[in-house]
Structure formats: C-alpha cells, structure tokens
$ cat upload-v3.cif   # mmCIF, N, CA, C and O atoms
data_structure
loop_
_atom_site.label_atom_id
_atom_site.label_comp_id
_atom_site.auth_asym_id
_atom_site.auth_seq_id
_atom_site.Cartn_x
_atom_site.Cartn_y
_atom_site.Cartn_z
N SER A 1 156.63 155.00 199.49
CA SER A 1 155.30 155.15 198.93
C SER A 1 155.28 156.36 198.02
O SER A 1 156.07 157.28 198.16
N CYS A 2 154.34 156.36 197.11
CA CYS A 2 154.24 157.41 196.10
C CYS A 2 152.82 157.93 196.07
O CYS A 2 151.87 157.16 195.98
N SER A 3 152.67 159.25 196.13
CA SER A 3 151.33 159.84 196.11
C SER A 3 150.88 160.19 194.70
O SER A 3 149.84 160.78 194.52
N LYS A 4 151.66 159.82 193.70
CA LYS A 4 151.31 160.12 192.32
C LYS A 4 150.46 159.00 191.73
O LYS A 4 150.61 157.85 192.07
N LYS A 5 149.58 159.39 190.83
CA LYS A 5 148.72 158.42 190.15
C LYS A 5 149.27 158.19 188.75
O LYS A 5 149.60 159.14 188.04
N LEU A 6 149.39 156.93 188.35
CA LEU A 6 149.91 156.59 187.04
C LEU A 6 148.80 156.12 186.12
O LEU A 6 147.96 155.32 186.52
N ASP A 7 148.80 156.63 184.90
CA ASP A 7 147.86 156.19 183.87
C ASP A 7 148.64 155.77 182.65
O ASP A 7 149.37 156.57 182.06
N GLU A 8 148.47 154.52 182.25
CA GLU A 8 149.18 154.02 181.07
C GLU A 8 148.51 154.54 179.81
O GLU A 8 147.29 154.54 179.70
N VAL A 9 149.32 155.01 178.87
CA VAL A 9 148.84 155.40 177.56
C VAL A 9 149.23 154.26 176.62
O VAL A 9 150.40 154.10 176.28
N THR A 10 148.26 153.46 176.24
CA THR A 10 148.51 152.20 175.53
C THR A 10 149.22 152.41 174.20
O THR A 10 148.83 153.26 173.41
N ASN A 11 150.25 151.61 173.99
CA ASN A 11 151.00 151.56 172.73
C ASN A 11 151.56 152.90 172.28
O ASN A 11 151.64 153.18 171.10
N SER A 12 151.95 153.73 173.23
CA SER A 12 152.51 155.04 172.88
C SER A 12 153.75 155.32 173.71
O SER A 12 153.93 154.78 174.80
N CYS A 13 154.58 156.20 173.18
CA CYS A 13 155.80 156.60 173.86
C CYS A 13 155.97 158.10 173.68
O CYS A 13 155.67 158.64 172.61
N TYR A 14 156.43 158.79 174.71
CA TYR A 14 156.68 160.23 174.64
C TYR A 14 157.86 160.50 173.72
O TYR A 14 158.90 159.87 173.83
N THR A 15 157.69 161.46 172.80
CA THR A 15 158.73 161.77 171.83
C THR A 15 159.21 163.22 171.92
O THR A 15 159.97 163.67 171.08
N GLY A 16 158.74 163.95 172.93
CA GLY A 16 159.14 165.35 173.09
C GLY A 16 160.57 165.48 173.59
O GLY A 16 161.27 164.50 173.83
N SER A 17 160.98 166.72 173.80
CA SER A 17 162.37 166.98 174.17
C SER A 17 162.56 167.23 175.66
O SER A 17 163.69 167.42 176.11
N GLN A 18 161.50 167.24 176.46
CA GLN A 18 161.61 167.56 177.88
C GLN A 18 161.71 166.31 178.74
O GLN A 18 160.86 166.03 179.57
N SER A 19 162.74 165.53 178.50
CA SER A 19 162.93 164.33 179.30
C SER A 19 164.40 164.14 179.64
O SER A 19 165.27 164.73 179.02
N TYR A 20 164.62 163.33 180.63
CA TYR A 20 165.96 162.98 181.04
C TYR A 20 166.09 161.47 180.98
O TYR A 20 165.30 160.76 181.59
N VAL A 21 167.02 160.99 180.19
CA VAL A 21 167.18 159.56 180.01
C VAL A 21 167.92 158.95 181.20
O VAL A 21 169.00 159.40 181.55
N LEU A 22 167.30 157.97 181.79
CA LEU A 22 167.90 157.26 182.91
C LEU A 22 168.01 155.80 182.52
O LEU A 22 167.01 155.13 182.33
N THR A 23 169.20 155.31 182.34
CA THR A 23 169.35 153.92 181.97
C THR A 23 170.61 153.37 182.61
O THR A 23 171.54 154.13 182.83
N PRO A 24 170.70 152.15 182.88
CA PRO A 24 169.64 151.17 182.69
C PRO A 24 168.80 151.01 183.96
O PRO A 24 169.27 151.28 185.06
N VAL A 25 167.58 150.63 183.77
CA VAL A 25 166.73 150.18 184.88
C VAL A 25 166.21 148.81 184.46
O VAL A 25 165.84 148.62 183.31
N LYS A 26 166.21 147.91 185.35
CA LYS A 26 165.86 146.54 185.00
C LYS A 26 164.35 146.31 184.99
O LYS A 26 163.85 145.56 184.18
N TYR A 27 163.65 147.00 185.88
CA TYR A 27 162.22 146.73 186.04
C TYR A 27 161.40 148.01 186.00
O TYR A 27 161.89 149.10 186.32
N PHE A 28 160.14 147.86 185.66
CA PHE A 28 159.19 148.97 185.63
C PHE A 28 159.16 149.69 186.98
O PHE A 28 159.14 150.92 187.03
N VAL A 29 159.16 148.95 188.06
CA VAL A 29 159.07 149.57 189.39
C VAL A 29 160.26 150.48 189.67
O VAL A 29 160.13 151.47 190.39
N ASP A 30 161.42 150.19 189.08
CA ASP A 30 162.58 151.06 189.25
C ASP A 30 162.36 152.41 188.56
O ASP A 30 162.68 153.45 189.10
N CYS A 31 161.78 152.36 187.38
CA CYS A 31 161.47 153.58 186.63
C CYS A 31 160.40 154.38 187.38
O CYS A 31 160.51 155.60 187.53
N CYS A 32 159.40 153.70 187.86
CA CYS A 32 158.33 154.34 188.63
C CYS A 32 158.90 155.02 189.88
O CYS A 32 158.54 156.15 190.21
N ALA A 33 159.80 154.36 190.56
CA ALA A 33 160.40 154.91 191.78
C ALA A 33 161.19 156.18 191.48
O ALA A 33 161.16 157.14 192.25
N LEU A 34 161.89 156.21 190.35
CA LEU A 34 162.64 157.41 189.97
C LEU A 34 161.70 158.59 189.76
O LEU A 34 161.99 159.72 190.15
N CYS A 35 160.56 158.34 189.13
CA CYS A 35 159.57 159.39 188.92
C CYS A 35 158.98 159.85 190.25
O CYS A 35 158.81 161.04 190.49
N CYS A 36 158.68 158.92 191.12
CA CYS A 36 158.09 159.25 192.41
C CYS A 36 159.01 160.12 193.26
O CYS A 36 158.55 160.96 194.02
N LYS A 37 160.29 159.94 193.10
CA LYS A 37 161.27 160.71 193.87
C LYS A 37 161.41 162.14 193.36
O LYS A 37 161.96 162.99 194.05
N SER A 38 160.94 162.41 192.15
CA SER A 38 161.10 163.73 191.55
C SER A 38 159.77 164.48 191.55
O SER A 38 158.81 164.07 190.89
N PRO A 39 159.69 165.61 192.24
CA PRO A 39 158.44 166.38 192.24
C PRO A 39 158.10 166.97 190.87
O PRO A 39 156.96 167.32 190.62
N GLN A 40 159.08 167.06 189.98
CA GLN A 40 158.85 167.62 188.65
C GLN A 40 158.45 166.57 187.62
O GLN A 40 158.30 166.89 186.45
N CYS A 41 158.27 165.33 188.01
CA CYS A 41 157.96 164.27 187.05
C CYS A 41 156.49 164.36 186.61
O CYS A 41 155.58 164.27 187.43
N PHE A 42 156.29 164.50 185.30
CA PHE A 42 154.95 164.54 184.73
C PHE A 42 154.60 163.21 184.05
O PHE A 42 153.48 163.01 183.60
N GLY A 43 155.57 162.34 183.92
CA GLY A 43 155.35 161.05 183.28
C GLY A 43 156.68 160.40 182.97
O GLY A 43 157.74 160.96 183.21
N PHE A 44 156.60 159.17 182.44
CA PHE A 44 157.82 158.50 182.05
C PHE A 44 157.56 157.44 181.00
O PHE A 44 156.46 156.92 180.88
N ASN A 45 158.58 157.19 180.21
CA ASN A 45 158.60 156.06 179.28
C ASN A 45 159.37 154.94 179.95
O ASN A 45 160.40 155.19 180.58
N PHE A 46 158.89 153.72 179.76
CA PHE A 46 159.67 152.57 180.18
C PHE A 46 159.72 151.60 179.01
O PHE A 46 158.69 151.23 178.44
N ASN A 47 160.93 151.23 178.61
CA ASN A 47 161.12 150.29 177.52
C ASN A 47 161.75 149.03 178.09
O ASN A 47 162.92 149.02 178.46
N SER A 48 160.96 147.97 178.16
CA SER A 48 161.44 146.72 178.75
C SER A 48 162.46 146.02 177.85
O SER A 48 163.28 145.25 178.34
N GLN A 49 162.43 146.30 176.54
CA GLN A 49 163.37 145.66 175.62
C GLN A 49 164.78 146.24 175.76
O GLN A 49 165.77 145.53 175.59
N THR A 50 164.86 147.53 176.05
CA THR A 50 166.17 148.19 176.14
C THR A 50 166.55 148.58 177.56
O THR A 50 167.62 149.15 177.77
N SER A 51 165.68 148.31 178.53
CA SER A 51 165.88 148.70 179.93
C SER A 51 166.08 150.20 180.07
O SER A 51 166.87 150.67 180.87
N ARG A 52 165.34 150.96 179.28
CA ARG A 52 165.48 152.42 179.27
C ARG A 52 164.29 153.07 179.99
O ARG A 52 163.15 152.68 179.80
N CYS A 53 164.61 154.07 180.80
CA CYS A 53 163.62 154.84 181.52
C CYS A 53 163.83 156.32 181.20
O CYS A 53 164.91 156.84 181.43
N ASP A 54 162.82 156.97 180.65
CA ASP A 54 162.87 158.41 180.37
C ASP A 54 161.88 159.11 181.29
O ASP A 54 160.68 158.87 181.18
N VAL A 55 162.36 159.96 182.17
CA VAL A 55 161.49 160.72 183.05
C VAL A 55 161.20 162.07 182.38
O VAL A 55 162.12 162.76 181.96
N ILE A 56 159.91 162.43 182.27
CA ILE A 56 159.50 163.64 181.57
C ILE A 56 159.24 164.75 182.57
O ILE A 56 158.52 164.56 183.56
N PHE A 57 159.80 165.94 182.31
CA PHE A 57 159.76 167.05 183.24
C PHE A 57 158.89 168.21 182.79
O PHE A 57 159.12 169.35 183.20
N SER A 58 157.91 167.96 181.94
CA SER A 58 156.96 169.00 181.54
C SER A 58 155.64 168.32 181.22
O SER A 58 155.61 167.11 180.92
N PRO A 59 154.53 169.08 181.26
CA PRO A 59 153.24 168.47 180.91
C PRO A 59 153.29 167.89 179.50
O PRO A 59 153.91 168.45 178.60
N VAL A 60 152.65 166.75 179.33
CA VAL A 60 152.72 166.02 178.07
C VAL A 60 151.45 166.26 177.25
O VAL A 60 150.34 166.12 177.76
N GLN A 61 151.64 166.63 175.99
CA GLN A 61 150.53 166.82 175.06
C GLN A 61 150.38 165.55 174.22
O GLN A 61 151.35 164.84 173.96
N SER A 62 149.17 165.28 173.76
CA SER A 62 148.93 164.08 172.96
C SER A 62 149.74 164.08 171.67
O SER A 62 150.08 163.03 171.14
N THR A 63 150.09 165.26 171.16
CA THR A 63 150.89 165.34 169.93
C THR A 63 152.34 164.90 170.16
O THR A 63 153.08 164.71 169.21
N GLN A 64 152.73 164.75 171.42
CA GLN A 64 154.09 164.33 171.75
C GLN A 64 154.18 162.82 171.98
O GLN A 64 155.20 162.32 172.42
N LEU A 65 153.11 162.10 171.68
CA LEU A 65 153.08 160.65 171.85
C LEU A 65 153.04 159.98 170.49
O LEU A 65 152.36 160.46 169.57
N ALA A 66 153.77 158.88 170.35
CA ALA A 66 153.79 158.16 169.08
C ALA A 66 153.91 156.66 169.37
O ALA A 66 154.49 156.27 170.39
N PRO A 67 153.37 155.84 168.47
CA PRO A 67 153.51 154.38 168.65
C PRO A 67 154.99 153.99 168.68
O PRO A 67 155.80 154.56 167.97
N SER A 68 155.30 153.04 169.55
CA SER A 68 156.68 152.60 169.66
C SER A 68 156.72 151.17 170.18
O SER A 68 156.07 150.86 171.18
N SER A 69 157.50 150.34 169.55
CA SER A 69 157.61 148.94 169.95
C SER A 69 158.39 148.81 171.25
O SER A 69 159.50 149.31 171.37
N GLY A 70 157.78 148.17 172.23
CA GLY A 70 158.46 147.90 173.49
C GLY A 70 158.44 149.03 174.48
O GLY A 70 158.74 148.85 175.65
N CYS A 71 158.10 150.23 174.05
CA CYS A 71 158.10 151.39 174.92
C CYS A 71 156.67 151.70 175.36
O CYS A 71 155.74 151.63 174.57
N GLN A 72 156.53 152.05 176.63
CA GLN A 72 155.22 152.37 177.17
C GLN A 72 155.32 153.67 177.96
O GLN A 72 156.18 153.83 178.81
N PHE A 73 154.41 154.62 177.65
CA PHE A 73 154.37 155.90 178.36
C PHE A 73 153.36 155.82 179.50
O PHE A 73 152.28 155.27 179.35
N TRP A 74 153.73 156.40 180.63
CA TRP A 74 152.85 156.48 181.80
C TRP A 74 152.70 157.95 182.17
O TRP A 74 153.69 158.64 182.42
N ASN A 75 151.48 158.45 182.17
CA ASN A 75 151.17 159.80 182.56
C ASN A 75 151.03 159.86 184.08
O ASN A 75 150.46 158.96 184.68
N VAL A 76 151.52 160.93 184.68
CA VAL A 76 151.50 161.06 186.13
C VAL A 76 150.62 162.23 186.54
O VAL A 76 150.72 163.31 185.97
N THR A 77 149.75 162.00 187.51
CA THR A 77 148.97 163.07 188.12
C THR A 77 149.13 162.96 189.63
O THR A 77 149.40 161.90 190.17
N LEU A 78 148.95 164.07 190.30
CA LEU A 78 149.08 164.07 191.76
C LEU A 78 147.77 163.71 192.41
O LEU A 78 146.73 163.89 191.91
#

$ encode --input "upload-v3.cif" --output "structure tokens"
Amino acid sequence: SCSKKLDEVTNSCYTGSQSYVLTPVKYFVDCCALCCKSPQCFGFNFNSQTSRCDVIFSPVQSTQLAPSSGCQFWNVTL
C-alpha cells in the first residue's frame, strides 16, 4: 500500500534534471510502486509508448513541465 496521493498533470511531462530514469517498466502501476517505495519521490513520468519511468527527487515547478507525446507526469503529495 502507498500513503502518497497522486495527481495527474494532463498532457505534460517533467523536463527538469532531478530525476532518475528507471526503465523498462511495463505498466503504470510498476512506475507508481517504484515511487511509493522511495520516500524522496516527489513525482514521476510514465511513458507508455517507451515503457519509461522517471522518478523525480525534488519538488516540481510548473516551469519544469512541458507537453510530451505519450508521457504523463504524476505529482506526488503525502
């Protein structure tokens, strides 16, 4: 179980430098589970087209989000 709350940021992907690329993950729930296991996770990108999961380890600013095809950013709050 995960005590973190996820909020989808529609049609955006995190583009900052404070992330760790974890690939491949086949499903969204796998990416979510990786974030839940890390107390430092502030959010993550999941790209279903490339099976890529980026876990973000710093607070995310709106200026660090950009439109991206296939990629979806999820903001995490406790």

$ resolve_selection --input "upload-v3.cif" --expression "the PyMOL selection byres (((chain A and resi 63-72 and name CA) around 10) and name CA)" --output "ChimeraX atom specification"
/A:8-17,28,44-53,60-62,73-74

$ resolve_selection --input "upload-v3.cif" --expression "the PyMOL selection byres (((chain A and resi 30-36 and name CA) around 10) and name CA)" --output "compact mmCIF listing (two decimals) with N, CA, C and O atoms, keeping the file's coordinate frame"
# COMPACT_ATOMS: atom_id res chain seq x y z
N SER A 1 156.63 155.00 199.49
CA SER A 1 155.30 155.15 198.93
C SER A 1 155.28 156.36 198.02
O SER A 1 156.07 157.28 198.16
N CYS A 2 154.34 156.36 197.11
CA CYS A 2 154.24 157.41 196.10
C CYS A 2 152.82 157.93 196.07
O CYS A 2 151.87 157.16 195.98
N SER A 3 152.67 159.25 196.13
CA SER A 3 151.33 159.84 196.11
C SER A 3 150.88 160.19 194.70
O SER A 3 149.84 160.78 194.52
N LYS A 4 151.66 159.82 193.70
CA LYS A 4 151.31 160.12 192.32
C LYS A 4 150.46 159.00 191.73
O LYS A 4 150.61 157.85 192.07
N LYS A 5 149.58 159.39 190.83
CA LYS A 5 148.72 158.42 190.15
C LYS A 5 149.27 158.19 188.75
O LYS A 5 149.60 159.14 188.04
N LEU A 6 149.39 156.93 188.35
CA LEU A 6 149.91 156.59 187.04
C LEU A 6 148.80 156.12 186.12
O LEU A 6 147.96 155.32 186.52
N LEU A 22 167.30 157.97 181.79
CA LEU A 22 167.90 157.26 182.91
C LEU A 22 168.01 155.80 182.52
O LEU A 22 167.01 155.13 182.33
N THR A 23 169.20 155.31 182.34
CA THR A 23 169.35 153.92 181.97
C THR A 23 170.61 153.37 182.61
O THR A 23 171.54 154.13 182.83
N PRO A 24 170.70 152.15 182.88
CA PRO A 24 169.64 151.17 182.69
C PRO A 24 168.80 151.01 183.96
O PRO A 24 169.27 151.28 185.06
N VAL A 25 167.58 150.63 183.77
CA VAL A 25 166.73 150.18 184.88
C VAL A 25 166.21 148.81 184.46
O VAL A 25 165.84 148.62 183.31
N LYS A 26 166.21 147.91 185.35
CA LYS A 26 165.86 146.54 185.00
C LYS A 26 164.35 146.31 184.99
O LYS A 26 163.85 145.56 184.18
N TYR A 27 163.65 147.00 185.88
CA TYR A 27 162.22 146.73 186.04
C TYR A 27 161.40 148.01 186.00
O TYR A 27 161.89 149.10 186.32
N PHE A 28 160.14 147.86 185.66
CA PHE A 28 159.19 148.97 185.63
C PHE A 28 159.16 149.69 186.98
O PHE A 28 159.14 150.92 187.03
N VAL A 29 159.16 148.95 188.06
CA VAL A 29 159.07 149.57 189.39
C VAL A 29 160.26 150.48 189.67
O VAL A 29 160.13 151.47 190.39
N LYS A 37 160.29 159.94 193.10
CA LYS A 37 161.27 160.71 193.87
C LYS A 37 161.41 162.14 193.36
O LYS A 37 161.96 162.99 194.05
N SER A 38 160.94 162.41 192.15
CA SER A 38 161.10 163.73 191.55
C SER A 38 159.77 164.48 191.55
O SER A 38 158.81 164.07 190.89
N PRO A 39 159.69 165.61 192.24
CA PRO A 39 158.44 166.38 192.24
C PRO A 39 158.10 166.97 190.87
O PRO A 39 156.96 167.32 190.62
N GLN A 40 159.08 167.06 189.98
CA GLN A 40 158.85 167.62 188.65
C GLN A 40 158.45 166.57 187.62
O GLN A 40 158.30 166.89 186.45
N CYS A 41 158.27 165.33 188.01
CA CYS A 41 157.96 164.27 187.05
C CYS A 41 156.49 164.36 186.61
O CYS A 41 155.58 164.27 187.43
N PHE A 42 156.29 164.50 185.30
CA PHE A 42 154.95 164.54 184.73
C PHE A 42 154.60 163.21 184.05
O PHE A 42 153.48 163.01 183.60
N GLY A 43 155.57 162.34 183.92
CA GLY A 43 155.35 161.05 183.28
C GLY A 43 156.68 160.40 182.97
O GLY A 43 157.74 160.96 183.21
N PHE A 44 156.60 159.17 182.44
CA PHE A 44 157.82 158.50 182.05
C PHE A 44 157.56 157.44 181.00
O PHE A 44 156.46 156.92 180.88
N ASN A 45 158.58 157.19 180.21
CA ASN A 45 158.60 156.06 179.28
C ASN A 45 159.37 154.94 179.95
O ASN A 45 160.40 155.19 180.58
N PHE A 46 158.89 153.72 179.76
CA PHE A 46 159.67 152.57 180.18
C PHE A 46 159.72 151.60 179.01
O PHE A 46 158.69 151.23 178.44
N ASN A 47 160.93 151.23 178.61
CA ASN A 47 161.12 150.29 177.52
C ASN A 47 161.75 149.03 178.09
O ASN A 47 162.92 149.02 178.46
N SER A 51 165.68 148.31 178.53
CA SER A 51 165.88 148.70 179.93
C SER A 51 166.08 150.20 180.07
O SER A 51 166.87 150.67 180.87
N ARG A 52 165.34 150.96 179.28
CA ARG A 52 165.48 152.42 179.27
C ARG A 52 164.29 153.07 179.99
O ARG A 52 163.15 152.68 179.80
N CYS A 53 164.61 154.07 180.80
CA CYS A 53 163.62 154.84 181.52
C CYS A 53 163.83 156.32 181.20
O CYS A 53 164.91 156.84 181.43
N ASP A 54 162.82 156.97 180.65
CA ASP A 54 162.87 158.41 180.37
C ASP A 54 161.88 159.11 181.29
O ASP A 54 160.68 158.87 181.18
N VAL A 55 162.36 159.96 182.17
CA VAL A 55 161.49 160.72 183.05
C VAL A 55 161.20 162.07 182.38
O VAL A 55 162.12 162.76 181.96
N ILE A 56 159.91 162.43 182.27
CA ILE A 56 159.50 163.64 181.57
C ILE A 56 159.24 164.75 182.57
O ILE A 56 158.52 164.56 183.56
N PHE A 57 159.80 165.94 182.31
CA PHE A 57 159.76 167.05 183.24
C PHE A 57 158.89 168.21 182.79
O PHE A 57 159.12 169.35 183.20
N TRP A 74 153.73 156.40 180.63
CA TRP A 74 152.85 156.48 181.80
C TRP A 74 152.70 157.95 182.17
O TRP A 74 153.69 158.64 182.42
N VAL A 76 151.52 160.93 184.68
CA VAL A 76 151.50 161.06 186.13
C VAL A 76 150.62 162.23 186.54
O VAL A 76 150.72 163.31 185.97

$ select_by_dssp --input "upload-v3.cif" --residues "chain A" --states "helix (DSSP H, G or I)" --output "ChimeraX atom specification"
/A:28-37,62-64

$ atom_distance --input "upload-v3.cif" --atom1 "atom N of Val21 of chain A" --atom2 "atom N of Pro59 of chain A"
14.9 Å

$ atom_distance --input "upload-v3.cif" --atom1 "atom O of Tyr20 of chain A" --atom2 "atom N of Asn75 of chain A"
14.0 Å

$ atom_distance --input "upload-v3.cif" --atom1 "atom N of Ser58 of chain A" --atom2 "atom N of Ser19 of chain A"
6.4 Å

$ select_by_dssp --input "upload-v3.cif" --residues "chain A" --states "strand (DSSP E or B)" --output "NGL selection string"
:A and (5-9 or 13-14 or 19-22 or 43-47 or 52-56 or 65-66 or 71-77)

$ decode --input "upload-v3.cif" --residues "segment 20-34 of chain A" --atoms "N, CA, C and O atoms" --output "PDB file, in the first residue's frame"
ATOM      1  N   TYR A  20      15.591  10.244 -11.862  1.00  0.00           N
ATOM      2  CA  TYR A  20      16.355   9.037 -12.092  1.00  0.00           C
ATOM      3  C   TYR A  20      15.552   8.164 -13.043  1.00  0.00           C
ATOM      4  O   TYR A  20      14.399   7.848 -12.773  1.00  0.00           O
ATOM      5  N   VAL A  21      16.142   7.840 -14.167  1.00  0.00           N
ATOM      6  CA  VAL A  21      15.435   7.065 -15.181  1.00  0.00           C
ATOM      7  C   VAL A  21      15.423   5.592 -14.798  1.00  0.00           C
ATOM      8  O   VAL A  21      16.467   5.002 -14.551  1.00  0.00           O
ATOM      9  N   LEU A  22      14.244   5.044 -14.746  1.00  0.00           N
ATOM     10  CA  LEU A  22      14.076   3.631 -14.448  1.00  0.00           C
ATOM     11  C   LEU A  22      13.353   2.993 -15.624  1.00  0.00           C
ATOM     12  O   LEU A  22      12.206   3.311 -15.891  1.00  0.00           O
ATOM     13  N   THR A  23      14.017   2.147 -16.354  1.00  0.00           N
ATOM     14  CA  THR A  23      13.375   1.519 -17.482  1.00  0.00           C
ATOM     15  C   THR A  23      13.900   0.106 -17.622  1.00  0.00           C
ATOM     16  O   THR A  23      15.043  -0.141 -17.258  1.00  0.00           O
ATOM     17  N   PRO A  24      13.184  -0.785 -18.148  1.00  0.00           N
ATOM     18  CA  PRO A  24      11.809  -0.608 -18.584  1.00  0.00           C
ATOM     19  C   PRO A  24      10.819  -0.980 -17.477  1.00  0.00           C
ATOM     20  O   PRO A  24      11.145  -1.767 -16.598  1.00  0.00           O
ATOM     21  N   VAL A  25       9.680  -0.374 -17.521  1.00  0.00           N
ATOM     22  CA  VAL A  25       8.542  -0.811 -16.714  1.00  0.00           C
ATOM     23  C   VAL A  25       7.393  -1.014 -17.683  1.00  0.00           C
ATOM     24  O   VAL A  25       7.202  -0.214 -18.592  1.00  0.00           O
ATOM     25  N   LYS A  26       6.688  -2.056 -17.522  1.00  0.00           N
ATOM     26  CA  LYS A  26       5.662  -2.401 -18.489  1.00  0.00           C
ATOM     27  C   LYS A  26       4.352  -1.654 -18.243  1.00  0.00           C
ATOM     28  O   LYS A  26       3.656  -1.291 -19.172  1.00  0.00           O
ATOM     29  N   TYR A  27       4.050  -1.405 -16.972  1.00  0.00           N
ATOM     30  CA  TYR A  27       2.748  -0.837 -16.631  1.00  0.00           C
ATOM     31  C   TYR A  27       2.885   0.371 -15.712  1.00  0.00           C
ATOM     32  O   TYR A  27       3.858   0.498 -14.969  1.00  0.00           O
ATOM     33  N   PHE A  28       1.877   1.212 -15.736  1.00  0.00           N
ATOM     34  CA  PHE A  28       1.811   2.389 -14.874  1.00  0.00           C
ATOM     35  C   PHE A  28       1.969   1.996 -13.403  1.00  0.00           C
ATOM     36  O   PHE A  28       2.679   2.648 -12.647  1.00  0.00           O
ATOM     37  N   VAL A  29       1.318   0.926 -12.995  1.00  0.00           N
ATOM     38  CA  VAL A  29       1.377   0.518 -11.582  1.00  0.00           C
ATOM     39  C   VAL A  29       2.797   0.172 -11.149  1.00  0.00           C
ATOM     40  O   VAL A  29       3.152   0.361  -9.982  1.00  0.00           O
ATOM     41  N   ASP A  30       3.627  -0.299 -12.072  1.00  0.00           N
ATOM     42  CA  ASP A  30       5.025  -0.590 -11.745  1.00  0.00           C
ATOM     43  C   ASP A  30       5.786   0.704 -11.437  1.00  0.00           C
ATOM     44  O   ASP A  30       6.568   0.774 -10.502  1.00  0.00           O
ATOM     45  N   CYS A  31       5.532   1.725 -12.230  1.00  0.00           N
ATOM     46  CA  CYS A  31       6.167   3.030 -12.025  1.00  0.00           C
ATOM     47  C   CYS A  31       5.678   3.632 -10.706  1.00  0.00           C
ATOM     48  O   CYS A  31       6.461   4.152  -9.912  1.00  0.00           O
ATOM     49  N   CYS A  32       4.401   3.539 -10.465  1.00  0.00           N
ATOM     50  CA  CYS A  32       3.807   4.036  -9.228  1.00  0.00           C
ATOM     51  C   CYS A  32       4.421   3.335  -8.014  1.00  0.00           C
ATOM     52  O   CYS A  32       4.755   3.968  -7.015  1.00  0.00           O
ATOM     53  N   ALA A  33       4.596   2.039  -8.099  1.00  0.00           N
ATOM     54  CA  ALA A  33       5.168   1.266  -6.996  1.00  0.00           C
ATOM     55  C   ALA A  33       6.600   1.700  -6.700  1.00  0.00           C
ATOM     56  O   ALA A  33       7.002   1.780  -5.536  1.00  0.00           O
ATOM     57  N   LEU A  34       7.373   1.998  -7.733  1.00  0.00           N
ATOM     58  CA  LEU A  34       8.747   2.461  -7.530  1.00  0.00           C
ATOM     59  C   LEU A  34       8.767   3.780  -6.770  1.00  0.00           C
ATOM     60  O   LEU A  34       9.595   4.000  -5.893  1.00  0.00           O
TER      61      LEU A  34
END
